[in-house]
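What follows is final_1.tsv (TSV, C-alpha atoms).
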```
chain	number	residue	atom	x	y	z
E	1	MET	CA	46.82	-66.75	-103.63
E	2	TYR	CA	43.39	-67.25	-105.20
E	3	GLU	CA	41.36	-64.17	-106.10
E	4	THR	CA	38.08	-63.55	-107.92
E	5	ILE	CA	38.17	-60.69	-110.40
E	6	HIS	CA	35.49	-58.98	-112.49
E	7	CYS	CA	36.90	-57.55	-115.67
E	8	VAL	CA	36.43	-56.35	-119.23
E	9	ALA	CA	38.59	-57.94	-121.93
E	10	LEU	CA	40.80	-55.54	-123.89
E	11	ARG	CA	43.36	-57.49	-125.92
E	12	LEU	CA	44.38	-61.11	-126.36
E	13	VAL	CA	47.85	-61.75	-127.78
E	14	LYS	CA	49.56	-65.09	-128.38
E	15	HIS	CA	52.62	-65.35	-126.13
E	16	ASN	CA	53.99	-68.72	-127.24
E	17	ASP	CA	52.73	-72.09	-128.43
E	18	ALA	CA	51.32	-72.88	-124.99
E	19	SER	CA	49.76	-69.61	-123.84
E	20	SER	CA	48.27	-66.26	-124.77
E	21	ILE	CA	48.15	-63.13	-122.62
E	22	LEU	CA	44.84	-61.41	-122.00
E	23	THR	CA	45.07	-57.74	-121.07
E	24	ALA	CA	41.97	-56.70	-119.13
E	25	TRP	CA	40.68	-54.00	-116.81
E	26	SER	CA	39.42	-55.35	-113.50
E	27	ALA	CA	37.35	-53.81	-110.72
E	28	GLU	CA	39.63	-55.33	-108.10
E	29	ARG	CA	43.13	-54.66	-109.47
E	30	GLY	CA	42.85	-52.20	-112.33
E	31	ARG	CA	44.86	-53.31	-115.36
E	32	VAL	CA	45.78	-56.99	-115.27
E	33	ALA	CA	47.50	-59.54	-117.52
E	34	VAL	CA	46.07	-63.06	-117.40
E	35	GLY	CA	47.57	-66.18	-118.94
E	36	ILE	CA	45.16	-68.03	-121.28
E	37	PRO	CA	45.90	-71.50	-122.74
E	38	ALA	CA	46.76	-71.34	-126.45
E	39	GLY	CA	46.30	-75.02	-127.28
E	40	GLY	CA	43.64	-76.64	-129.40
E	41	GLY	CA	41.71	-78.27	-126.57
E	42	ARG	CA	38.06	-77.57	-125.84
E	43	GLU	CA	38.75	-75.48	-122.72
E	44	ALA	CA	41.42	-73.42	-124.45
E	45	ARG	CA	39.07	-72.69	-127.35
E	46	ARG	CA	36.28	-71.77	-124.94
E	47	LEU	CA	38.46	-69.29	-123.08
E	48	ARG	CA	39.75	-67.66	-126.25
E	49	ALA	CA	36.22	-67.35	-127.61
E	50	LEU	CA	35.13	-65.81	-124.32
E	51	ALA	CA	37.87	-63.15	-124.31
E	52	THR	CA	36.49	-61.07	-127.17
E	53	PRO	CA	36.92	-57.26	-127.08
E	54	LEU	CA	34.86	-55.68	-124.26
E	55	ALA	CA	33.56	-59.04	-123.00
E	56	LEU	CA	32.58	-58.80	-119.33
E	57	MET	CA	34.04	-61.73	-117.42
E	58	GLU	CA	34.35	-63.13	-113.93
E	59	GLY	CA	37.34	-65.30	-113.13
E	60	VAL	CA	39.45	-66.92	-110.47
E	61	VAL	CA	43.15	-66.14	-110.81
E	62	VAL	CA	46.31	-66.97	-108.92
E	63	SER	CA	48.82	-64.23	-108.14
E	64	ARG	CA	52.42	-65.29	-107.53
E	65	PRO	CA	55.19	-63.14	-106.04
E	66	GLY	CA	57.50	-61.87	-108.75
E	67	HIS	CA	55.09	-62.71	-111.60
E	68	GLU	CA	53.17	-59.94	-113.38
E	69	VAL	CA	50.97	-62.36	-115.32
E	70	LEU	CA	48.15	-63.87	-113.29
E	71	ARG	CA	47.57	-67.58	-113.68
E	72	LEU	CA	44.00	-68.45	-114.64
E	73	ARG	CA	42.01	-71.01	-112.70
E	74	ASP	CA	38.58	-70.36	-114.13
E	75	MET	CA	36.81	-67.82	-116.31
E	76	ARG	CA	33.16	-67.40	-117.24
E	77	PRO	CA	30.84	-64.68	-118.54
E	78	TRP	CA	29.96	-62.18	-115.83
E	79	VAL	CA	27.36	-60.19	-117.76
E	80	VAL	CA	26.22	-61.59	-121.10
E	81	THR	CA	26.43	-58.93	-123.83
E	82	SER	CA	25.70	-61.10	-126.83
E	83	SER	CA	24.96	-58.34	-129.36
E	84	VAL	CA	28.36	-56.70	-128.77
E	85	ARG	CA	29.89	-59.89	-130.08
E	86	SER	CA	27.37	-60.91	-132.76
E	87	HIS	CA	26.34	-57.53	-134.24
E	88	PRO	CA	29.05	-56.71	-136.82
E	89	VAL	CA	28.91	-52.93	-136.29
E	90	LYS	CA	28.87	-53.18	-132.50
E	91	ALA	CA	31.74	-55.68	-132.69
E	92	ALA	CA	33.78	-53.16	-134.69
E	93	VAL	CA	32.99	-50.41	-132.16
E	94	ALA	CA	33.97	-52.78	-129.33
E	95	LEU	CA	37.27	-53.61	-131.04
E	96	PHE	CA	38.07	-49.92	-131.45
E	97	LEU	CA	37.16	-48.97	-127.88
E	98	ALA	CA	39.03	-51.95	-126.44
E	99	ASP	CA	42.03	-50.78	-128.44
E	100	VAL	CA	41.67	-47.27	-126.99
E	101	LEU	CA	41.20	-48.53	-123.43
E	102	GLU	CA	44.22	-50.81	-123.74
E	103	GLY	CA	46.28	-47.71	-124.49
E	104	VAL	CA	44.64	-45.38	-121.97
E	105	LEU	CA	44.29	-47.64	-118.92
E	106	ARG	CA	47.95	-48.25	-118.18
E	107	THR	CA	47.89	-48.27	-114.38
E	108	ALA	CA	47.52	-51.37	-112.21
E	109	THR	CA	45.40	-49.50	-109.68
E	110	ALA	CA	41.73	-50.14	-109.04
E	111	ASP	CA	39.33	-47.25	-109.69
E	112	GLU	CA	35.73	-47.92	-108.67
E	113	ARG	CA	34.14	-45.03	-110.60
E	114	LEU	CA	36.10	-45.75	-113.77
E	115	SER	CA	35.30	-49.46	-113.58
E	116	ARG	CA	31.60	-48.77	-113.11
E	117	PHE	CA	31.62	-46.41	-116.09
E	118	VAL	CA	33.32	-48.92	-118.40
E	119	PHE	CA	31.19	-51.88	-117.31
E	120	ASP	CA	27.95	-49.90	-117.61
E	121	ALA	CA	29.00	-48.51	-121.01
E	122	VAL	CA	29.53	-52.01	-122.42
E	123	GLN	CA	26.03	-52.99	-121.32
E	124	LEU	CA	24.67	-49.77	-122.80
E	125	LEU	CA	26.26	-50.61	-126.17
E	126	ASP	CA	24.79	-54.10	-125.98
E	127	GLY	CA	21.28	-52.72	-125.54
E	128	LEU	CA	21.35	-50.04	-128.27
E	129	ALA	CA	18.86	-50.55	-131.08
E	130	GLN	CA	18.99	-47.29	-133.07
E	131	PRO	CA	21.63	-47.34	-135.83
E	132	ALA	CA	22.40	-43.64	-135.18
E	133	ALA	CA	23.00	-44.35	-131.50
E	134	VAL	CA	25.41	-47.16	-132.35
E	135	ALA	CA	27.19	-44.91	-134.86
E	136	ASN	CA	27.64	-42.17	-132.23
E	137	PHE	CA	28.39	-44.42	-129.26
E	138	HIS	CA	32.18	-44.30	-129.56
E	139	LEU	CA	32.11	-40.49	-129.71
E	140	TRP	CA	30.07	-40.29	-126.51
E	141	PHE	CA	32.30	-42.90	-124.85
E	142	LEU	CA	35.51	-41.01	-125.64
E	143	ARG	CA	33.96	-37.74	-124.44
E	144	ALA	CA	32.93	-39.36	-121.15
E	145	LEU	CA	36.24	-41.21	-120.74
E	146	ALA	CA	38.09	-37.89	-120.90
E	147	THR	CA	36.49	-36.96	-117.57
E	148	PHE	CA	38.12	-39.97	-115.88
E	149	THR	CA	41.53	-39.25	-117.40
E	150	GLY	CA	41.49	-35.62	-116.24
E	151	ILE	CA	41.53	-34.03	-119.70
E	152	ALA	CA	37.85	-33.13	-120.18
E	153	PRO	CA	37.44	-29.79	-121.99
E	154	ASP	CA	35.89	-26.82	-120.21
E	155	TYR	CA	32.59	-26.87	-122.11
E	156	GLY	CA	31.32	-23.97	-119.99
E	157	SER	CA	33.76	-21.61	-121.74
E	158	TRP	CA	32.05	-22.07	-125.11
E	159	GLN	CA	30.43	-19.16	-126.91
E	160	GLN	CA	29.36	-18.88	-130.52
E	161	GLY	CA	32.32	-17.91	-132.72
E	162	ARG	CA	35.06	-18.94	-130.29
E	163	VAL	CA	37.98	-21.20	-131.20
E	164	PHE	CA	38.87	-24.30	-129.20
E	165	ASP	CA	42.33	-24.32	-127.62
E	166	MET	CA	43.44	-27.95	-127.98
E	167	ALA	CA	46.37	-27.60	-125.60
E	168	GLU	CA	44.41	-26.03	-122.73
E	169	GLY	CA	41.02	-27.62	-123.38
E	170	VAL	CA	39.12	-24.31	-123.33
E	171	PHE	CA	37.23	-22.13	-125.80
E	172	ARG	CA	38.84	-18.74	-126.50
E	173	ALA	CA	37.76	-15.53	-128.19
E	174	THR	CA	41.07	-15.35	-130.12
E	175	PRO	CA	43.42	-18.06	-131.38
E	176	PRO	CA	46.23	-19.05	-128.95
E	177	VAL	CA	49.81	-18.30	-129.99
E	178	HIS	CA	50.86	-21.98	-129.90
E	179	GLY	CA	48.65	-22.68	-132.92
E	180	ARG	CA	47.00	-25.88	-131.66
E	181	TYR	CA	43.38	-24.88	-131.94
E	182	LEU	CA	40.16	-25.54	-133.87
E	183	GLU	CA	38.37	-22.90	-135.91
E	184	PRO	CA	34.88	-21.82	-134.73
E	185	GLN	CA	32.98	-24.29	-136.93
E	186	GLU	CA	34.95	-27.27	-135.62
E	187	ALA	CA	34.89	-25.79	-132.10
E	188	GLY	CA	31.10	-25.83	-132.36
E	189	ALA	CA	31.27	-29.57	-133.01
E	190	VAL	CA	33.26	-29.97	-129.78
E	191	HIS	CA	30.51	-28.07	-127.97
E	192	ILE	CA	27.88	-30.40	-129.43
E	193	LEU	CA	29.98	-33.39	-128.37
E	194	GLY	CA	29.94	-32.07	-124.81
E	195	ARG	CA	26.14	-32.25	-124.83
E	196	LEU	CA	26.03	-35.85	-126.08
E	197	THR	CA	24.45	-38.30	-123.59
E	198	PRO	CA	23.20	-41.88	-123.71
E	199	ALA	CA	19.67	-40.47	-123.87
E	200	ASN	CA	20.22	-38.28	-126.94
E	201	MET	CA	23.05	-39.93	-128.88
E	202	GLY	CA	20.53	-41.49	-131.26
E	203	ARG	CA	19.18	-38.06	-132.22
E	204	LEU	CA	22.51	-36.57	-133.29
E	205	ARG	CA	22.73	-36.78	-137.09
E	206	MET	CA	26.12	-36.50	-138.75
E	207	ASN	CA	27.39	-37.50	-142.16
E	208	ARG	CA	30.39	-39.77	-142.55
E	209	ASP	CA	32.86	-36.93	-143.11
E	210	ALA	CA	31.73	-34.94	-140.07
E	211	ARG	CA	31.86	-38.01	-137.81
E	212	ARG	CA	35.31	-38.94	-139.13
E	213	ARG	CA	36.72	-35.44	-138.55
E	214	LEU	CA	35.25	-35.30	-135.04
E	215	LEU	CA	36.76	-38.68	-134.17
E	216	GLU	CA	40.16	-37.68	-135.52
E	217	GLY	CA	39.98	-34.48	-133.49
E	218	ILE	CA	39.21	-36.43	-130.30
E	219	LEU	CA	42.11	-38.81	-130.89
E	220	GLU	CA	44.44	-35.90	-131.60
E	221	TYR	CA	43.28	-34.28	-128.35
E	222	TYR	CA	43.96	-37.50	-126.42
E	223	SER	CA	47.39	-37.79	-128.00
E	224	LEU	CA	48.24	-34.14	-127.40
E	225	HIS	CA	47.51	-34.58	-123.68
E	226	GLY	CA	49.58	-37.75	-123.45
E	227	VAL	CA	46.62	-40.00	-122.70
E	228	LEU	CA	46.82	-42.07	-125.89
E	229	PRO	CA	50.30	-41.45	-127.33
E	230	GLY	CA	50.22	-44.42	-129.68
E	231	GLY	CA	46.77	-43.74	-131.13
E	232	ALA	CA	44.37	-46.58	-131.97
E	233	SER	CA	45.63	-47.57	-135.39
E	234	ARG	CA	44.82	-51.29	-135.14
E	235	SER	CA	41.09	-50.76	-135.36
E	236	LEU	CA	40.61	-47.18	-136.52
E	237	GLU	CA	40.55	-48.09	-140.20
E	238	VAL	CA	37.86	-50.70	-139.58
E	239	LEU	CA	35.70	-48.08	-137.90
E	240	ARG	CA	36.27	-45.63	-140.74
E	241	THR	CA	34.82	-48.10	-143.25
E	242	LEU	CA	31.57	-48.22	-141.26
E	243	PHE	CA	30.93	-44.62	-140.23
```
Serialized structure, structure tokens:
Amino acid sequence: MYETIHCVALRLVKHNDASSILTAWSAERGRVAVGIPAGGGREARRLRALATPLALMEGVVVSRPGHEVLRLRDMRPWVVTSSVRSHPVKAAVALFLADVLEGVLRTATADERLSRFVFDAVQLLDGLAQPAAVANFHLWFLRALATFTGIAPDYGSWQQGRVFDMAEGVFRATPPVHGRYLEPQEAGAVHILGRLTPANMGRLRMNRDARRRLLEGILEYYSLHGVLPGGASRSLEVLRTLF
């Protein structure tokens, strides 16, 4: 059965001498695995070059009963996001976020709102010009993604001096007995994160240490809530060298 899919590339892994497997998130099917030729021919090289992290692609695939991997008939750029691939910092951000999404988006079920968010976010990253906005983009993305995974903190419970309960996702006047919480200064950073938007992300100024600690806190929060149990170790160190 032939089917056209619109997807974002997450991870390409060599399967054997003849093929690689592309993990992607598609508007039509949710998470999909697509077979990509691994040979040295022109078409195989074109497809591998196309399937870079967070590349937006349109393709024709063949689904076969009893086979989880879709067979590829054709693949081409859907929306061209050239700076995500060519800009070294944006490429590192894309690699990290593709790594996160590959771990978070584990269901083969289409989700229109989630797909629209991811596709629009990639195009937003492509169009960013301010270095500060690029540096803060992954923080905003992870904050927004938490809404779609059902673990978004209750930012409305924040008040100056409160701690942040990591297990319950709320701000509290006193530390919870389970001990998984952030002190008021770090809780304030969570509050600021909740106010981050595409319109203001370029105005948020943080030093390298503050940005690193905030990112580690977000990843710990994701892991604590079972959304990203394996972390994002493949690309996290690359990001740490930049921001």
* Point (32.3, -65.9, -118.5) neighbourhood (10 Å, all atoms listed in the file) written as a list in words ->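 Every residue inside that radius is included here: His6, Cys7, Arg46, Leu47, Leu50, Ala51, Ala55, Leu56, Met57, Glu58, Gly59, Asp74, Met75, Arg76, Pro77, Trp78, Val79 and Val80 of chain E.
For the set E:Asn200, E:Ser235, E:Thr81, E:Thr149, the residue with the smallest atom-to-atom gap to Tyr222 in chain E is E:Thr149, counting all atoms listed in the file.
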* To do: Please provide the set of residues having any atom within 10 Å of Val34 in chain E, restricted to all atoms listed in the file, with same-chain residues fewer than 6 positions apart removed, written as a PyMOL selection string.
  => chain E and resi 12+19-24+59+61-63+68-72
Write out as AutoDock Vina command-line options an axis-aligned box for range 74-78 of chain E: all of its atoms listed in the file, 8 Å added on each side, centre and edge lengths in Å with one decimal.
```
--center_x 34.3 --center_y -66.3 --center_z -116.3 --size_x 24.6 --size_y 24.2 --size_z 20.4
```
Range 189-233 of chain E residues near range 159-181 of chain E within 12 Å, closest pair each, using all atoms listed in the file, as a Markdown table:
```
| residue | atom | partner | partner_atom | distance |
| --- | --- | --- | --- | --- |
| E:Ala189 | CA | E:Phe164 | CA | 10.0 |
| E:Val190 | CA | E:Phe164 | CA | 8.0 |
| E:His191 | CA | E:Gln159 | CA | 9.0 |
| E:Ile192 | CA | E:Gln160 | CA | 11.7 |
| E:Gly217 | CA | E:Met166 | CA | 9.2 |
| E:Ile218 | CA | E:Met166 | CA | 9.8 |
| E:Leu219 | CA | E:Met166 | CA | 11.3 |
| E:Glu220 | CA | E:Met166 | CA | 8.8 |
| E:Tyr221 | CA | E:Met166 | CA | 6.3 |
| E:Tyr222 | CA | E:Met166 | CA | 9.7 |
| E:Ser223 | CA | E:Ala167 | CA | 10.5 |
| E:Leu224 | CA | E:Ala167 | CA | 7.0 |
| E:His225 | CA | E:Ala167 | CA | 7.3 |
| E:Gly226 | CA | E:Ala167 | CA | 10.9 |
```
* With only C-alpha atoms as the atoms that count, which of E:Thr241, E:Thr107, E:Ser86, E:Asn207 lies nearest to Val227 in chain E? ->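 Checking each candidate against Val227 in chain E, we get E:Thr107 as the closest.
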* **Residues near Arg143 in chain E, cut-off 8 Å, all atoms listed in the file, skip fewer than 2 positions along chain, as a ChimeraX atom specification** => /E:139-141,145-147,152,193-194,218
* Among listed residues E:Gly127, E:Arg64, E:Gly103, E:Glu186, nearest Tyr2 in chain E (using all atoms listed in the file) -> E:Arg64
* **Counting all atoms listed in the file, the option among E:Val122, E:Leu95, E:Val84, E:Leu105 closest to Arg29 in chain E** =>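 Using all atoms listed in the file, the shortest distance to Arg29 in chain E belongs to E:Leu105.
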* To do: Would you mind telling me which residue in E:Pro198, E:Pro229, E:Pro65, E:Gly35 lies nearest to Ala132 in chain E when using all atoms listed in the file?
  =>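 Closest candidate: E:Pro198.
You will find CA of Asp126 in chain E at 14.9 Å from CA of Ala9 in chain E.
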* To do: Tell me, as a list in words, which residues lie within 8 Å of Arg212 in chain E, counting all atoms listed in the file; anything in the same chain fewer than 3 positions away does not count.
  => Arg208, Asp209, Leu215, Glu216, Arg240 and Phe243 of chain E
C-alpha atoms of the current selection, written as a PDB file, keeping the file's coordinate frame:
```
ATOM      1  CA  ARG E 208      30.390 -39.770-142.550  1.00  0.00           C
ATOM      2  CA  ASP E 209      32.860 -36.930-143.110  1.00  0.00           C
ATOM      3  CA  LEU E 215      36.760 -38.680-134.170  1.00  0.00           C
ATOM      4  CA  GLU E 216      40.160 -37.680-135.520  1.00  0.00           C
ATOM      5  CA  ARG E 240      36.270 -45.630-140.740  1.00  0.00           C
ATOM      6  CA  PHE E 243      30.930 -44.620-140.230  1.00  0.00           C
TER       7      PHE E 243
END
```
* **Computed interatomic separation between CA of Leu228 in chain E and CA of Ser157 in chain E (Å)** =>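 Distance between the two atoms: 24.6 Å.
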* Atomic separation - CA of Arg211 in chain E relative to CA of Leu239 in chain E, Å -> 10.8 Å
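For the residues E:Pro184, E:Trp158, E:Ala38, E:Arg113, ranking by smallest atom-to-atom distance to Asn16 in chain E using only C-alpha atoms places E:Ala38 first.
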Select range 108-218 of chain E in the preceding structure and write C-alpha atoms to a file as a short mmCIF file (atom, residue, chain, number, x, y, z; two decimals), in the first residue's frame.
```
data_model
loop_
_atom_site.label_atom_id
_atom_site.label_comp_id
_atom_site.auth_asym_id
_atom_site.auth_seq_id
_atom_site.Cartn_x
_atom_site.Cartn_y
_atom_site.Cartn_z
CA ALA E 108 3.06 5.10 16.61
CA THR E 109 -0.07 7.24 16.85
CA ALA E 110 -0.65 10.43 14.91
CA ASP E 111 -1.12 13.63 16.92
CA GLU E 112 -2.06 16.68 14.86
CA ARG E 113 -1.28 19.31 17.51
CA LEU E 114 2.05 17.74 18.44
CA SER E 115 3.05 17.40 14.79
CA ARG E 116 2.18 21.02 14.08
CA PHE E 117 4.21 22.15 17.09
CA VAL E 118 7.31 20.18 16.06
CA PHE E 119 7.14 21.17 12.39
CA ASP E 120 6.59 24.85 13.22
CA ALA E 121 9.40 24.79 15.81
CA VAL E 122 11.91 23.50 13.25
CA GLN E 123 11.00 26.35 10.92
CA LEU E 124 11.27 28.79 13.81
CA LEU E 125 14.80 27.57 14.56
CA ASP E 126 15.70 27.93 10.90
CA GLY E 127 14.64 31.58 10.88
CA LEU E 128 16.33 32.70 14.12
CA ALA E 129 19.01 35.35 13.69
CA GLN E 130 19.82 36.47 17.25
CA PRO E 131 22.58 34.39 18.88
CA ALA E 132 20.79 34.63 22.26
CA ALA E 133 17.58 33.28 20.73
CA VAL E 134 19.45 30.33 19.22
CA ALA E 135 21.16 29.69 22.57
CA ASN E 136 17.81 29.64 24.40
CA PHE E 137 15.79 27.82 21.74
CA HIS E 138 16.24 24.31 23.16
CA LEU E 139 15.12 25.50 26.60
CA TRP E 140 11.93 26.99 25.17
CA PHE E 141 11.35 23.87 23.05
CA LEU E 142 11.64 21.51 26.02
CA ARG E 143 9.34 23.72 28.11
CA ALA E 144 6.73 23.72 25.34
CA LEU E 145 7.13 20.00 24.63
CA ALA E 146 6.29 19.24 28.26
CA THR E 147 2.76 20.49 27.59
CA PHE E 148 2.24 17.83 24.91
CA THR E 149 3.62 15.04 27.11
CA GLY E 150 1.34 15.94 30.01
CA ILE E 151 4.07 16.90 32.49
CA ALA E 152 4.02 20.71 32.25
CA PRO E 153 4.61 22.34 35.65
CA ASP E 154 1.87 24.38 37.30
CA TYR E 155 3.49 27.78 36.76
CA GLY E 156 0.47 29.49 38.32
CA SER E 157 1.47 28.13 41.75
CA TRP E 158 4.71 30.14 41.78
CA GLN E 159 5.35 32.79 44.41
CA GLN E 160 8.61 34.44 45.39
CA GLY E 161 10.52 32.26 47.86
CA ARG E 162 8.72 29.00 47.10
CA VAL E 163 10.48 25.73 46.28
CA PHE E 164 9.67 23.69 43.18
CA ASP E 165 8.38 20.17 43.81
CA MET E 166 9.97 18.13 41.01
CA ALA E 167 7.77 15.09 41.57
CA GLU E 168 4.44 16.95 41.50
CA GLY E 169 5.40 19.80 39.17
CA VAL E 170 4.15 22.54 41.53
CA PHE E 171 5.66 25.34 43.60
CA ARG E 172 5.29 24.90 47.37
CA ALA E 173 5.76 27.10 50.42
CA THR E 174 7.70 24.33 52.21
CA PRO E 175 9.91 21.52 50.91
CA PRO E 176 8.10 18.20 50.20
CA VAL E 177 9.03 15.20 52.34
CA HIS E 178 10.21 13.14 49.34
CA GLY E 179 13.17 15.49 48.89
CA ARG E 180 12.95 15.93 45.11
CA TYR E 181 12.69 19.69 44.93
CA LEU E 182 14.55 22.84 43.87
CA GLU E 183 15.50 25.60 46.27
CA PRO E 184 13.84 29.03 45.77
CA GLN E 185 16.63 30.46 43.58
CA GLU E 186 16.48 27.54 41.15
CA ALA E 187 12.67 27.47 41.42
CA GLY E 188 12.73 31.08 40.24
CA ALA E 189 14.58 29.94 37.12
CA VAL E 190 11.78 27.45 36.45
CA HIS E 191 9.30 30.31 36.74
CA ILE E 192 11.30 32.36 34.22
CA LEU E 193 11.40 29.35 31.90
CA GLY E 194 7.61 29.21 32.02
CA ARG E 195 7.48 32.76 30.64
CA LEU E 196 9.83 32.02 27.74
CA THR E 197 8.21 32.42 24.30
CA PRO E 198 9.44 32.60 20.70
CA ALA E 199 8.93 36.36 20.89
CA ASN E 200 11.14 36.94 23.94
CA MET E 201 13.66 34.09 23.94
CA GLY E 202 16.28 36.40 22.43
CA ARG E 203 15.98 38.81 25.36
CA LEU E 204 16.68 36.26 28.10
CA ARG E 205 20.34 36.58 29.10
CA MET E 206 22.00 33.71 30.94
CA ASN E 207 25.61 32.76 31.46
CA ARG E 208 26.89 29.33 30.49
CA ASP E 209 26.62 27.89 34.01
CA ALA E 210 23.03 29.06 34.53
CA ARG E 211 21.92 27.71 31.15
CA ARG E 212 23.66 24.38 31.81
CA ARG E 213 22.04 23.97 35.24
CA LEU E 214 18.60 24.85 33.86
CA LEU E 215 18.98 22.32 31.05
CA GLU E 216 20.11 19.60 33.44
CA GLY E 217 17.13 20.38 35.66
CA ILE E 218 14.72 20.05 32.72
#
```
